[in-house]
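**Student:** A single structure is presented below for examination.
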Amino acid sequence: MIHYISIYAILGVCINLLYDLMISGMDSDPNSEDFRMTISERIIFGLIWPISLTVFIINFIKSFHK
């Protein structure tokens, strides 16, 4: 059971890292720092990352079909 929890937590940290890297890559946008998350938002995001990832992928695919 601990094995699954640790994998879930590691994936949450990796998703947070990818999000931060995307924000850092938006250097040309002056409002990119407005998208940074606080520590409490990072913890919540780390716990519910499957929902956030699903919403992101759906919206990402929709943006290509427009």
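Order determines the names: the first chain of the structure tokens is A, the second B, and so forth; residues in each chain are numbered 1 upward, and ligands are numbered 1 upward as they are shown.
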Would you please give, as a PyMOL selection string, all residues of chain A that DSSP assigns to alpha helix (DSSP H) based on the backbone?

**Tutor:** chain A and resi 2-24+39-47+49-64

**Student:** Which polymer residues have any atom within 12 Å of an atom of A:Leu17, counting only C-alpha atoms, with same-chain residues fewer than 5 positions away left out, as a PyMOL selection string?

**Tutor:** chain A and resi 10-12+22-24+36-37+42+45-46+49

**Student:** Ranking A:Met26, A:Ile7, A:Ile15, A:Ile2 by minimum distance to A:Pro50 and counting only C-alpha atoms, which one comes first?

**Tutor:**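 Ranking A:Met26, A:Ile7, A:Ile15, A:Ile2 by distance to A:Pro50, first place goes to A:Ile15.
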
**Student:** Could you check the closest approach to A:Asp20 for each of A:Thr38, A:His3, A:Ile57, A:Ile51 and tell me which residue wins, using only C-alpha atoms?

**Tutor:** A:Thr38

**Student:** Using only C-alpha atoms, pick whichever of A:Ser6, A:Met1, A:Asn16, A:Phe35 has the shortest atom-to-atom distance to A:Ser52.

**Tutor:**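 Nearest candidate to A:Ser52 out of A:Ser6, A:Met1, A:Asn16, A:Phe35: A:Asn16.
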
**Student:** Between atom CA of A:Ser63 and atom CA of A:Ile39, what is the spacing in Å?

**Tutor:** 29.1 Å

**Student:** Between atom CA of A:Tyr19 and atom CA of A:Ile48, what is the spacing in Å?

**Tutor:**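 We find that atom CA of A:Ile48 and atom CA of A:Tyr19 lie 14.0 Å from each other.
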